[in-house]
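For reference, coords.tsv is printed below; it contains TSV, C-alpha atoms.
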```
chain	number	residue	atom	x	y	z
C	8	MET	CA	8.17	-11.43	-14.34
C	9	ARG	CA	6.48	-10.61	-17.63
C	10	TYR	CA	3.50	-8.50	-18.61
C	11	PRO	CA	1.58	-10.42	-21.31
C	12	LYS	CA	0.64	-7.30	-23.28
C	13	THR	CA	1.88	-3.71	-23.03
C	14	VAL	CA	1.35	-0.46	-24.92
C	15	SER	CA	3.16	2.88	-24.86
C	16	GLY	CA	1.64	6.27	-24.15
C	17	THR	CA	2.33	9.76	-22.88
C	18	PHE	CA	1.67	10.61	-19.24
C	19	ILE	CA	-0.76	13.52	-18.76
C	20	GLU	CA	-1.67	13.78	-15.07
C	21	ARG	CA	-2.27	11.89	-11.84
C	22	PRO	CA	-5.29	13.33	-10.00
C	23	ASN	CA	-4.92	10.91	-7.06
C	24	ARG	CA	-2.77	8.02	-5.86
C	25	PHE	CA	-4.68	5.36	-7.76
C	26	ILE	CA	-5.56	6.95	-11.10
C	27	ALA	CA	-3.62	8.56	-13.94
C	28	TYR	CA	-4.52	9.84	-17.38
C	29	VAL	CA	-2.31	8.80	-20.27
C	30	GLU	CA	-2.58	9.56	-23.97
C	31	ILE	CA	-2.59	6.32	-25.94
C	32	ASN	CA	-2.85	6.45	-29.72
C	33	GLY	CA	-4.14	10.01	-29.55
C	34	LYS	CA	-6.84	9.23	-26.98
C	35	LYS	CA	-6.92	10.24	-23.31
C	36	GLU	CA	-7.26	7.05	-21.26
C	37	LYS	CA	-7.91	6.56	-17.54
C	38	CYS	CA	-5.37	4.12	-16.04
C	39	HIS	CA	-4.75	2.40	-12.74
C	40	VAL	CA	-1.43	3.35	-11.10
C	41	LYS	CA	0.24	0.27	-9.58
C	42	ASN	CA	2.13	2.36	-7.02
C	43	THR	CA	0.62	4.53	-4.28
C	44	GLY	CA	3.95	6.26	-3.59
C	45	ARG	CA	4.69	9.81	-4.68
C	46	CYS	CA	6.87	9.07	-7.75
C	47	LYS	CA	6.77	12.83	-8.33
C	48	GLU	CA	10.17	12.88	-10.04
C	49	LEU	CA	8.92	10.22	-12.51
C	50	LEU	CA	5.29	11.08	-13.23
C	51	ILE	CA	5.88	14.31	-15.12
C	52	PRO	CA	3.50	15.48	-17.87
C	53	GLY	CA	4.88	14.52	-21.27
C	54	THR	CA	6.85	11.54	-19.94
C	55	ARG	CA	6.72	8.39	-22.04
C	56	ALA	CA	4.84	5.69	-20.12
C	57	VAL	CA	4.34	1.94	-20.48
C	58	LEU	CA	1.01	0.36	-19.65
C	59	ALA	CA	0.00	-3.24	-19.11
C	60	VAL	CA	-3.27	-4.14	-20.76
C	61	SER	CA	-5.76	-5.60	-18.29
C	62	ASP	CA	-7.19	-9.03	-19.07
C	63	ASN	CA	-10.31	-8.27	-17.00
C	64	PRO	CA	-13.06	-6.90	-19.25
C	65	GLY	CA	-15.15	-5.92	-16.22
C	66	ARG	CA	-12.61	-3.44	-14.85
C	67	SER	CA	-13.28	0.29	-14.95
C	68	THR	CA	-9.73	0.87	-16.24
C	69	ALA	CA	-8.33	-1.08	-19.17
C	70	TYR	CA	-4.69	-0.29	-18.40
C	71	ASP	CA	-2.19	-0.42	-15.53
C	72	LEU	CA	0.61	2.15	-15.52
C	73	VAL	CA	3.69	0.01	-14.82
C	74	SER	CA	6.79	1.83	-16.13
C	75	VAL	CA	7.98	5.29	-17.17
C	76	TYR	CA	11.08	6.61	-18.86
C	77	LYS	CA	13.42	8.89	-16.94
C	78	GLY	CA	15.64	10.23	-19.66
C	79	GLY	CA	16.87	7.08	-21.40
C	80	MET	CA	16.31	4.87	-18.33
C	81	LEU	CA	13.17	2.78	-18.00
C	82	VAL	CA	11.89	2.64	-14.40
C	83	ASN	CA	9.36	0.03	-13.35
C	84	ILE	CA	6.94	1.50	-10.78
C	85	ASP	CA	4.73	-1.54	-10.24
C	86	SER	CA	4.72	-2.02	-6.46
C	87	GLN	CA	3.63	-5.64	-6.85
C	88	ALA	CA	6.61	-6.52	-9.05
C	89	PRO	CA	9.46	-6.64	-6.48
C	90	ASN	CA	8.10	-9.57	-4.47
C	91	LYS	CA	7.38	-11.52	-7.66
C	92	VAL	CA	10.86	-10.84	-9.04
C	93	VAL	CA	12.56	-11.93	-5.83
C	94	LEU	CA	10.44	-15.08	-5.51
C	95	GLU	CA	11.26	-16.02	-9.12
C	96	SER	CA	15.00	-15.77	-8.43
C	97	ILE	CA	15.17	-16.57	-4.71
C	98	ARG	CA	17.77	-19.35	-5.05
C	99	SER	CA	20.22	-17.02	-6.79
C	100	ILE	CA	20.33	-14.72	-3.76
C	101	PRO	CA	23.16	-15.28	-1.24
C	102	GLY	CA	21.81	-17.11	1.79
C	103	PHE	CA	18.88	-18.65	-0.11
C	104	GLU	CA	20.73	-20.94	-2.54
C	105	HIS	CA	19.73	-24.17	-0.80
C	106	VAL	CA	16.45	-23.36	0.92
C	107	ASP	CA	14.07	-26.29	1.39
C	108	GLU	CA	10.92	-24.20	1.73
C	109	VAL	CA	9.86	-20.77	0.48
C	110	ARG	CA	6.53	-19.10	1.02
C	111	PRO	CA	5.23	-15.54	0.73
C	112	GLU	CA	3.91	-13.55	3.67
C	113	HIS	CA	4.81	-14.62	7.17
C	114	THR	CA	3.49	-13.08	10.35
C	115	TYR	CA	6.19	-12.18	12.83
C	116	GLY	CA	5.39	-9.97	15.82
C	117	ASN	CA	3.02	-7.29	14.57
C	118	SER	CA	4.21	-7.40	10.97
C	119	ARG	CA	3.64	-9.44	7.83
C	120	ILE	CA	7.10	-10.09	6.42
C	121	ASP	CA	7.22	-10.64	2.65
C	122	ILE	CA	9.04	-13.98	2.45
C	123	PHE	CA	9.70	-16.89	4.82
C	124	ALA	CA	12.26	-19.54	3.91
C	125	ARG	CA	13.79	-22.51	5.66
C	126	SER	CA	17.08	-24.35	5.20
C	127	GLY	CA	16.99	-27.42	7.43
C	128	ASP	CA	16.34	-26.04	10.91
C	129	THR	CA	17.34	-22.48	9.96
C	130	LYS	CA	14.43	-20.08	9.52
C	131	LYS	CA	14.88	-17.01	7.35
C	132	LEU	CA	12.83	-13.82	6.98
C	133	LEU	CA	13.18	-11.57	3.94
C	134	GLU	CA	11.48	-8.21	3.57
C	135	VAL	CA	11.50	-6.72	0.05
C	136	LYS	CA	11.39	-2.96	-0.59
C	137	GLY	CA	10.89	-1.71	-4.14
C	138	VAL	CA	13.07	1.29	-4.99
C	139	THR	CA	12.03	3.77	-7.70
C	140	LEU	CA	13.89	6.90	-6.56
C	141	GLU	CA	17.29	7.65	-8.12
C	142	LYS	CA	19.47	10.73	-7.80
C	143	ASP	CA	22.89	11.21	-9.42
C	144	GLY	CA	23.46	7.47	-9.79
C	145	THR	CA	22.37	6.60	-6.24
C	146	ALA	CA	19.17	4.69	-5.56
C	147	LEU	CA	17.30	5.84	-2.45
C	148	PHE	CA	14.53	4.46	-0.25
C	149	PRO	CA	12.05	5.65	0.86
C	150	ASP	CA	10.65	8.43	-1.33
C	151	ALA	CA	8.21	9.36	1.46
C	152	PRO	CA	8.23	8.73	5.23
C	153	THR	CA	7.31	5.11	5.96
C	154	GLU	CA	6.19	4.16	9.44
C	155	ARG	CA	5.24	0.71	8.14
C	156	GLY	CA	8.73	0.23	6.77
C	157	LEU	CA	10.25	1.36	10.06
C	158	LYS	CA	8.16	-1.22	11.92
C	159	HIS	CA	9.35	-3.95	9.54
C	160	VAL	CA	13.01	-3.08	10.13
C	161	LYS	CA	12.60	-3.15	13.90
C	162	GLU	CA	10.71	-6.47	13.79
C	163	LEU	CA	13.45	-8.03	11.65
C	164	GLU	CA	16.13	-6.87	14.06
C	165	ALA	CA	14.13	-8.38	16.93
C	166	SER	CA	13.76	-11.67	15.04
C	167	LEU	CA	17.49	-12.29	15.39
C	168	GLU	CA	16.95	-12.94	19.10
C	169	ASP	CA	14.44	-15.66	18.17
C	170	GLY	CA	16.96	-17.47	16.03
C	171	TYR	CA	15.92	-16.25	12.60
C	172	GLU	CA	18.26	-15.14	9.87
C	173	ALA	CA	16.89	-11.78	8.75
C	174	TYR	CA	17.31	-9.99	5.42
C	175	ILE	CA	16.12	-6.77	3.82
C	176	MET	CA	16.27	-6.63	0.04
C	177	PHE	CA	16.14	-3.18	-1.58
C	178	LEU	CA	15.15	-4.04	-5.14
C	179	ILE	CA	16.00	-1.16	-7.45
C	180	GLN	CA	13.39	-1.24	-10.21
C	181	MET	CA	15.76	-0.02	-12.91
C	182	ALA	CA	19.25	-0.58	-14.28
C	183	GLY	CA	21.82	2.16	-13.81
C	184	PRO	CA	22.35	3.11	-10.15
C	185	THR	CA	25.71	1.91	-8.84
C	186	VAL	CA	25.03	2.66	-5.16
C	187	PHE	CA	22.04	2.28	-2.84
C	188	SER	CA	21.54	4.33	0.31
C	189	PRO	CA	18.77	4.60	2.87
C	190	ASN	CA	17.18	8.02	2.36
C	191	TYR	CA	18.31	9.94	5.44
C	192	ASP	CA	16.93	13.23	4.12
C	193	MET	CA	13.44	11.84	3.60
C	194	HIS	CA	13.08	9.66	6.74
C	195	TYR	CA	16.08	9.77	9.05
C	196	GLU	CA	14.56	7.43	11.64
C	197	PHE	CA	14.00	4.72	9.01
C	198	ALA	CA	17.50	5.11	7.56
C	199	SER	CA	19.06	4.98	11.01
C	200	ALA	CA	17.01	1.87	11.83
C	201	VAL	CA	18.37	0.15	8.70
C	202	GLU	CA	21.90	1.03	9.76
C	203	SER	CA	21.24	-0.28	13.29
C	204	ALA	CA	19.77	-3.49	11.91
C	205	HIS	CA	22.86	-3.94	9.71
C	206	ARG	CA	25.13	-3.59	12.76
C	207	SER	CA	22.99	-6.10	14.67
C	208	GLY	CA	23.30	-8.75	11.97
C	209	VAL	CA	20.35	-8.20	9.64
C	210	LYS	CA	21.70	-8.71	6.12
C	211	ILE	CA	21.01	-5.64	3.98
C	212	LEU	CA	20.98	-6.42	0.27
C	213	ALA	CA	20.48	-4.20	-2.78
C	214	TYR	CA	20.04	-5.40	-6.36
C	215	ASP	CA	19.22	-3.61	-9.57
C	216	CYS	CA	16.89	-5.02	-12.22
C	217	ALA	CA	16.87	-5.64	-15.93
C	218	VAL	CA	13.81	-3.73	-17.14
C	219	THR	CA	12.16	-3.79	-20.56
C	220	GLU	CA	8.70	-2.63	-21.54
C	221	ASP	CA	7.21	-6.09	-20.95
C	222	ARG	CA	9.54	-7.63	-18.38
C	223	ILE	CA	11.42	-7.03	-15.12
C	224	SER	CA	13.95	-9.47	-13.70
C	225	LEU	CA	16.61	-9.61	-11.00
C	226	GLY	CA	19.89	-7.96	-11.98
C	227	SER	CA	23.14	-7.60	-10.08
C	228	PRO	CA	24.14	-6.67	-6.51
C	229	VAL	CA	24.56	-2.95	-5.83
C	230	ARG	CA	26.78	-1.52	-3.09
C	231	VAL	CA	24.98	-0.28	0.03
C	232	LYS	CA	26.25	2.99	1.48
C	233	TYR	CA	25.35	4.37	4.88
C	234	GLU	CA	25.61	8.00	5.99
C	235	ASP	CA	29.22	9.27	6.03
C	236	HIS	CA	30.66	5.78	5.61
C	237	SER	CA	30.28	2.59	3.57
```
Give the structure from the file, written as structure tokens.
Amino acid sequence: MRYPKTVSGTFIERPNRFIAYVEINGKKEKCHVKNTGRCKELLIPGTRAVLAVSDNPGRSTAYDLVSVYKGGMLVNIDSQAPNKVVLESIRSIPGFEHVDEVRPEHTYGNSRIDIFARSGDTKKLLEVKGVTLEKDGTALFPDAPTERGLKHVKELEASLEDGYEAYIMFLIQMAGPTVFSPNYDMHYEFASAVESAHRSGVKILAYDCAVTEDRISLGSPVRVKYEDHS
């Protein structure tokens, strides 16, 4: 996916989940943050930031904060980007090469799963999780406890009994990490649920992304590592 127009700035502060202040061309600007997660290891005062220019003149903020630099690595933090990236490249993902139907958002049980697809009579569910946390070359999810994410994992595992093929895609919104792992330290119950789902037959995928200041696209598969074993 592409952002039609972007500008660079310097991150100043984030007073709440939705708003940040960034210096752009010497002026302090109020921006919308397109990620309600913590991102505390990324949103550090003085960090170089990338902002998408809004095309809505009626908005109270003229910019969306979409990416930040972590050292020399550009990390996309737009929480709406992962689903768009996966939908753009769905037929390049193993298991989805020959799907006849693809549509976003599908209600299963008590959850809205991100993507439904069908190949002949085979129904597929795909939940996409955007990953912005990286430590020592390993991408980690989540960066904060996620009861919603835990519910999604359990629903996908249950869907196997109803004849679905079930997938979880951890989309790493950067290039660089060589390994992905569920974040046991942050939310052990979620990480354990992912491991249980994997053993039950849910296909756990991880991909990195090619990220530039105006674009993010699907990259290459990344190895998934579980606690104390691969």
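Coordinates place atom CA of C:Met193 at a distance of 16.8 Å from atom CA of C:Leu49.
Here atom CA of C:Ile100 is placed at a distance of 21.4 Å from atom CA of C:Asp85.
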message = Given all atoms listed in the file as the basis, pick out the residue of C:Gly156, C:Gly53, C:Gly226, C:Gly137 nearest to C:Ser99.
response =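 Of all the options, C:Gly226 lies closest to C:Ser99.
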Counting all atoms listed in the file, the residue of C:Arg24, C:Lys210, C:Arg222, C:His194 that sits nearest C:Leu163 = C:Lys210
ask   = Any idea what the distance is between atom CA of C:Ile211 and atom CA of C:Arg125?
value =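 So the two atoms, atom CA of C:Ile211 and atom CA of C:Arg125, lie 18.4 Å apart.
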key: Nearby residues (all atoms listed in the file) at most 6 Å from C:Gly16, same-chain spacing under 6 positions excluded, as number ranges by chain   = C: 30-31, 55-56
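For C:Lys158, the set of protein, DNA and RNA residues having any atom at most 9 Å away, when counting only C-alpha atoms and skipping those fewer than 5 positions along the same chain, is Asn117, Ser118, Thr153, Leu163 and Phe197 of chain C.
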query = Which of these residues is nearest to C:Gly33, using only C-alpha atoms: C:Leu147, C:Thr17, C:Asn63, C:Ala88?
reply =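 Comparing C:Leu147, C:Thr17, C:Asn63, C:Ala88 against C:Gly33, the winner is C:Thr17.
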message = So that I can check the surroundings of C:Val92, please list as a ChimeraX atom specification every protein, DNA and RNA residue that reaches within 6 Å of it, counting all atoms listed in the file and ignoring chain neighbours fewer than 3 positions away.
response = /C:8,89,95,224
Just the selected residues (C-alpha atoms), exported as an mmCIF file, keeping the file's coordinate frame, please.
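Listing of part_9.cif after writing:
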```cif
data_model
loop_
_atom_site.group_PDB
_atom_site.id
_atom_site.type_symbol
_atom_site.label_atom_id
_atom_site.label_comp_id
_atom_site.auth_asym_id
_atom_site.auth_seq_id
_atom_site.Cartn_x
_atom_site.Cartn_y
_atom_site.Cartn_z
ATOM 1 C CA MET C 8 8.170 -11.430 -14.340
ATOM 2 C CA PRO C 89 9.460 -6.640 -6.480
ATOM 3 C CA GLU C 95 11.260 -16.020 -9.120
ATOM 4 C CA SER C 224 13.950 -9.470 -13.700
#
```
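Using all atoms listed in the file, the nearest neighbour of C:Val218 within the list C:Arg66, C:Val57, C:Ser199, C:Val160 is C:Val57.
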task = Take the point (14.9, -7.9, 1.6) in the file's coordinates, draw a sphere of radius 12 Å around it, and report as an MDAnalysis selection string every protein, DNA or RNA residue with an atom inside or on it, counting only C-alpha atoms.
result = chainID C and resid 89:90 92:94 97 100:103 120:123 131:138 156 159:160 163 172:179 201 209:214
query = From the list C:Gly65, C:Pro11, C:Pro52, C:Gly79, which residue is nearest C:Ala27 when using all atoms listed in the file?
reply =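 The answer is C:Pro52, which sits nearest to C:Ala27.
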query = Counting only C-alpha atoms, which residues come within 10 Å of (13.9, -24.1, 2.4), with the point read in the file's coordinates, and could you list them as an MDAnalysis selection string?
reply = chainID C and resid 98 103:110 123:131
Dump as a PDB file, keeping the file's coordinate frame, selection limited to C-alpha atoms:
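Saved to again_3.pdb:
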```pdb
ATOM      1  CA  ARG C  98      17.770 -19.350  -5.050  1.00  0.00           C
ATOM      2  CA  PHE C 103      18.880 -18.650  -0.110  1.00  0.00           C
ATOM      3  CA  GLU C 104      20.730 -20.940  -2.540  1.00  0.00           C
ATOM      4  CA  HIS C 105      19.730 -24.170  -0.800  1.00  0.00           C
ATOM      5  CA  VAL C 106      16.450 -23.360   0.920  1.00  0.00           C
ATOM      6  CA  ASP C 107      14.070 -26.290   1.390  1.00  0.00           C
ATOM      7  CA  GLU C 108      10.920 -24.200   1.730  1.00  0.00           C
ATOM      8  CA  VAL C 109       9.860 -20.770   0.480  1.00  0.00           C
ATOM      9  CA  ARG C 110       6.530 -19.100   1.020  1.00  0.00           C
ATOM     10  CA  PHE C 123       9.700 -16.890   4.820  1.00  0.00           C
ATOM     11  CA  ALA C 124      12.260 -19.540   3.910  1.00  0.00           C
ATOM     12  CA  ARG C 125      13.790 -22.510   5.660  1.00  0.00           C
ATOM     13  CA  SER C 126      17.080 -24.350   5.200  1.00  0.00           C
ATOM     14  CA  GLY C 127      16.990 -27.420   7.430  1.00  0.00           C
ATOM     15  CA  ASP C 128      16.340 -26.040  10.910  1.00  0.00           C
ATOM     16  CA  THR C 129      17.340 -22.480   9.960  1.00  0.00           C
ATOM     17  CA  LYS C 130      14.430 -20.080   9.520  1.00  0.00           C
ATOM     18  CA  LYS C 131      14.880 -17.010   7.350  1.00  0.00           C
TER      19      LYS C 131
END
```
remark   = Using only C-alpha atoms, the residue out of C:Glu154, C:Asp62, C:Glu36, C:Asp215 with shortest distance to C:Phe187 is C:Asp215
query = Neighbours of C:Leu58 within 10 Å (all atoms listed in the file; same-chain residues fewer than 6 positions away dropped), as a list in words?
reply =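 Everything that qualifies: Tyr10, Lys12, Thr13, Val14, Ser15, Gly16, Val29, Ile31, Cys38, His39, Val40, Ala69, Tyr70, Asp71, Leu72, Val73, Ser74, Val75, Glu220 and Asp221 of chain C.
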Could you add whatever atoms are missing so that stretch 166-177 of chain C carries all heavy atoms, then write the result as a PDB file, in the coordinates of the input?
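selection11.pdb, written as the output of this step:
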```pdb
ATOM      1  N   SER C 166      13.852 -10.248  15.381  1.00  0.00           N
ATOM      2  CA  SER C 166      13.760 -11.670  15.040  1.00  0.00           C
ATOM      3  C   SER C 166      15.087 -12.400  15.216  1.00  0.00           C
ATOM      4  O   SER C 166      15.117 -13.628  15.378  1.00  0.00           O
ATOM      5  CB  SER C 166      13.256 -11.844  13.601  1.00  0.00           C
ATOM      6  OG  SER C 166      14.280 -11.575  12.652  1.00  0.00           O
ATOM      7  N   LEU C 167      16.183 -11.659  15.191  1.00  0.00           N
ATOM      8  CA  LEU C 167      17.490 -12.290  15.390  1.00  0.00           C
ATOM      9  C   LEU C 167      17.566 -12.977  16.748  1.00  0.00           C
ATOM     10  O   LEU C 167      18.183 -14.039  16.891  1.00  0.00           O
ATOM     11  CB  LEU C 167      18.602 -11.246  15.273  1.00  0.00           C
ATOM     12  CG  LEU C 167      18.727 -10.512  13.922  1.00  0.00           C
ATOM     13  CD1 LEU C 167      19.764  -9.392  14.041  1.00  0.00           C
ATOM     14  CD2 LEU C 167      19.090 -11.472  12.804  1.00  0.00           C
ATOM     15  N   GLU C 168      16.940 -12.364  17.744  1.00  0.00           N
ATOM     16  CA  GLU C 168      16.950 -12.940  19.100  1.00  0.00           C
ATOM     17  C   GLU C 168      16.153 -14.231  19.178  1.00  0.00           C
ATOM     18  O   GLU C 168      16.356 -15.044  20.078  1.00  0.00           O
ATOM     19  CB  GLU C 168      16.375 -11.919  20.092  1.00  0.00           C
ATOM     20  CG  GLU C 168      17.182 -10.636  20.203  1.00  0.00           C
ATOM     21  CD  GLU C 168      18.574 -10.889  20.757  1.00  0.00           C
ATOM     22  OE1 GLU C 168      18.713 -11.740  21.658  1.00  0.00           O
ATOM     23  OE2 GLU C 168      19.528 -10.249  20.269  1.00  0.00           O
ATOM     24  N   ASP C 169      15.239 -14.430  18.206  1.00  0.00           N
ATOM     25  CA  ASP C 169      14.440 -15.660  18.170  1.00  0.00           C
ATOM     26  C   ASP C 169      15.042 -16.706  17.254  1.00  0.00           C
ATOM     27  O   ASP C 169      14.392 -17.708  16.941  1.00  0.00           O
ATOM     28  CB  ASP C 169      13.009 -15.337  17.718  1.00  0.00           C
ATOM     29  CG  ASP C 169      12.223 -14.597  18.789  1.00  0.00           C
ATOM     30  OD1 ASP C 169      12.542 -14.772  19.990  1.00  0.00           O
ATOM     31  OD2 ASP C 169      11.301 -13.836  18.427  1.00  0.00           O
ATOM     32  N   GLY C 170      16.263 -16.470  16.810  1.00  0.00           N
ATOM     33  CA  GLY C 170      16.960 -17.470  16.030  1.00  0.00           C
ATOM     34  C   GLY C 170      16.769 -17.413  14.526  1.00  0.00           C
ATOM     35  O   GLY C 170      17.232 -18.299  13.809  1.00  0.00           O
ATOM     36  N   TYR C 171      16.082 -16.393  14.051  1.00  0.00           N
ATOM     37  CA  TYR C 171      15.920 -16.250  12.600  1.00  0.00           C
ATOM     38  C   TYR C 171      17.168 -15.649  11.971  1.00  0.00           C
ATOM     39  O   TYR C 171      17.902 -14.892  12.615  1.00  0.00           O
ATOM     40  CB  TYR C 171      14.744 -15.308  12.285  1.00  0.00           C
ATOM     41  CG  TYR C 171      13.371 -15.873  12.511  1.00  0.00           C
ATOM     42  CD1 TYR C 171      12.769 -15.792  13.762  1.00  0.00           C
ATOM     43  CD2 TYR C 171      12.650 -16.457  11.471  1.00  0.00           C
ATOM     44  CE1 TYR C 171      11.485 -16.285  13.977  1.00  0.00           C
ATOM     45  CE2 TYR C 171      11.365 -16.942  11.673  1.00  0.00           C
ATOM     46  CZ  TYR C 171      10.789 -16.861  12.927  1.00  0.00           C
ATOM     47  OH  TYR C 171       9.531 -17.345  13.135  1.00  0.00           O
ATOM     48  N   GLU C 172      17.411 -15.958  10.718  1.00  0.00           N
ATOM     49  CA  GLU C 172      18.260 -15.140   9.870  1.00  0.00           C
ATOM     50  C   GLU C 172      17.348 -14.097   9.226  1.00  0.00           C
ATOM     51  O   GLU C 172      16.270 -14.446   8.721  1.00  0.00           O
ATOM     52  CB  GLU C 172      18.936 -15.976   8.777  1.00  0.00           C
ATOM     53  CG  GLU C 172      20.054 -16.852   9.270  1.00  0.00           C
ATOM     54  CD  GLU C 172      20.764 -17.564   8.122  1.00  0.00           C
ATOM     55  OE1 GLU C 172      20.420 -17.293   6.947  1.00  0.00           O
ATOM     56  OE2 GLU C 172      21.637 -18.397   8.410  1.00  0.00           O
ATOM     57  N   ALA C 173      17.764 -12.851   9.239  1.00  0.00           N
ATOM     58  CA  ALA C 173      16.890 -11.780   8.750  1.00  0.00           C
ATOM     59  C   ALA C 173      17.581 -11.009   7.631  1.00  0.00           C
ATOM     60  O   ALA C 173      18.778 -10.711   7.710  1.00  0.00           O
ATOM     61  CB  ALA C 173      16.517 -10.836   9.886  1.00  0.00           C
ATOM     62  N   TYR C 174      16.804 -10.674   6.611  1.00  0.00           N
ATOM     63  CA  TYR C 174      17.310  -9.990   5.420  1.00  0.00           C
ATOM     64  C   TYR C 174      16.356  -8.873   5.023  1.00  0.00           C
ATOM     65  O   TYR C 174      15.130  -9.009   5.157  1.00  0.00           O
ATOM     66  CB  TYR C 174      17.400 -10.949   4.231  1.00  0.00           C
ATOM     67  CG  TYR C 174      18.311 -12.129   4.396  1.00  0.00           C
ATOM     68  CD1 TYR C 174      17.949 -13.215   5.201  1.00  0.00           C
ATOM     69  CD2 TYR C 174      19.540 -12.194   3.734  1.00  0.00           C
ATOM     70  CE1 TYR C 174      18.775 -14.319   5.336  1.00  0.00           C
ATOM     71  CE2 TYR C 174      20.370 -13.293   3.866  1.00  0.00           C
ATOM     72  CZ  TYR C 174      19.983 -14.355   4.667  1.00  0.00           C
ATOM     73  OH  TYR C 174      20.802 -15.448   4.799  1.00  0.00           O
ATOM     74  N   ILE C 175      16.905  -7.789   4.510  1.00  0.00           N
ATOM     75  CA  ILE C 175      16.120  -6.770   3.820  1.00  0.00           C
ATOM     76  C   ILE C 175      16.706  -6.631   2.420  1.00  0.00           C
ATOM     77  O   ILE C 175      17.908  -6.417   2.261  1.00  0.00           O
ATOM     78  CB  ILE C 175      16.149  -5.408   4.534  1.00  0.00           C
ATOM     79  CG1 ILE C 175      15.662  -5.538   5.975  1.00  0.00           C
ATOM     80  CG2 ILE C 175      15.278  -4.396   3.770  1.00  0.00           C
ATOM     81  CD1 ILE C 175      15.821  -4.260   6.787  1.00  0.00           C
ATOM     82  N   MET C 176      15.859  -6.784   1.429  1.00  0.00           N
ATOM     83  CA  MET C 176      16.270  -6.630   0.040  1.00  0.00           C
ATOM     84  C   MET C 176      15.693  -5.319  -0.504  1.00  0.00           C
ATOM     85  O   MET C 176      14.475  -5.150  -0.567  1.00  0.00           O
ATOM     86  CB  MET C 176      15.761  -7.795  -0.807  1.00  0.00           C
ATOM     87  CG  MET C 176      15.787  -7.531  -2.312  1.00  0.00           C
ATOM     88  SD  MET C 176      17.430  -7.619  -3.029  1.00  0.00           S
ATOM     89  CE  MET C 176      17.564  -9.399  -3.252  1.00  0.00           C
ATOM     90  N   PHE C 177      16.562  -4.389  -0.885  1.00  0.00           N
ATOM     91  CA  PHE C 177      16.140  -3.180  -1.580  1.00  0.00           C
ATOM     92  C   PHE C 177      16.273  -3.454  -3.071  1.00  0.00           C
ATOM     93  O   PHE C 177      17.384  -3.510  -3.608  1.00  0.00           O
ATOM     94  CB  PHE C 177      16.974  -1.983  -1.140  1.00  0.00           C
ATOM     95  CG  PHE C 177      16.705  -1.570   0.274  1.00  0.00           C
ATOM     96  CD1 PHE C 177      17.534  -1.969   1.317  1.00  0.00           C
ATOM     97  CD2 PHE C 177      15.600  -0.783   0.581  1.00  0.00           C
ATOM     98  CE1 PHE C 177      17.280  -1.596   2.629  1.00  0.00           C
ATOM     99  CE2 PHE C 177      15.331  -0.411   1.900  1.00  0.00           C
ATOM    100  CZ  PHE C 177      16.179  -0.806   2.920  1.00  0.00           C
TER     101      PHE C 177
END
```
